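To start, the structure under review is shown below, and the notes come after it.
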Amino acid sequence: MRPGAQKLAFSRYTDALEMTAFLQPGGHVVVVVMNPGETAVPFTLCDVSSGRFCPLEIPAHAIWTILYET
């Protein structure tokens, strides 16, 4: 994370994933998602400020870093 990044509020609807999200200076959002489980887990990345939704599926034992512009 860059200096000045702000942690964002988020909602988690499953205990199968660990996640956190930050707003970077300049407007980029960074989301880190970890699936420590034995199976893939579907989830939906939602940006309520813009109304955008992105359905995703993270594989078992994976850590993803997702970066997008707001």
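Ordering of the structure tokens sets the chain letters (A, B, ...); residue numbers start at 1 within each chain; ligands are numbered from 1 in the order shown.
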
- Message: as a PyMOL selection string, please: the residues near Leu23 (chain A) (cut-off 8 Å, only C-alpha atoms, same-chain neighbours under 4 positions excluded).
- Response: chain A and resi 5-8+27-30

Take the residues from that selection and put them in a file with C-alpha atoms, as a compact mmCIF listing (two decimals), in the first residue's frame.
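What ended up in out_20.txt:
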# COMPACT_ATOMS: atom_id res chain seq x y z
CA ALA A 5 -3.98 4.80 1.57
CA GLN A 6 -7.27 4.57 3.46
CA LYS A 7 -8.87 1.31 4.53
CA LEU A 8 -12.37 0.96 3.07
CA GLY A 27 -8.36 7.11 -6.74
CA HIS A 28 -7.35 3.46 -7.30
CA VAL A 29 -8.94 0.79 -5.14
CA VAL A 30 -6.86 -2.21 -4.06

- Task: Using DSSP on the backbone coordinates, identify all residues within chain A classified as strand (DSSP E or B); present the result as a ChimeraX atom specification.
- Result: /A:6-7,18-23,28-35,41-47,52-58,62-69

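The smallest atom-to-atom distance between Arg52 (chain A) and any of A:Leu17, A:Thr39, A:Val31, A:Thr70, using only C-alpha atoms, is found for A:Thr70.
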
Set the distance at 10 Å and use only C-alpha atoms: which residues neighbour Thr14 (chain A) once local chain neighbours fewer than 6 positions away are removed? I'd like the list as a compact mmCIF listing (two decimals) with N, CA and C atoms, in the first residue's frame.
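Ended up saving to around-v1.txt:
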# COMPACT_ATOMS: atom_id res chain seq x y z
N VAL A 41 -14.09 -20.56 -4.62
CA VAL A 41 -15.20 -19.85 -3.99
C VAL A 41 -15.66 -18.72 -4.91
N PRO A 42 -16.93 -18.74 -5.33
CA PRO A 42 -17.44 -17.61 -6.11
C PRO A 42 -17.75 -16.43 -5.18
N PHE A 43 -17.54 -15.23 -5.68
CA PHE A 43 -17.91 -14.02 -4.93
C PHE A 43 -18.14 -12.91 -5.92

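Minimum atom-to-atom distance to Gly37 (chain A), evaluated using only C-alpha atoms, belongs to A:His61 out of A:Cys54, A:Gln24, A:His61, A:Asp15.
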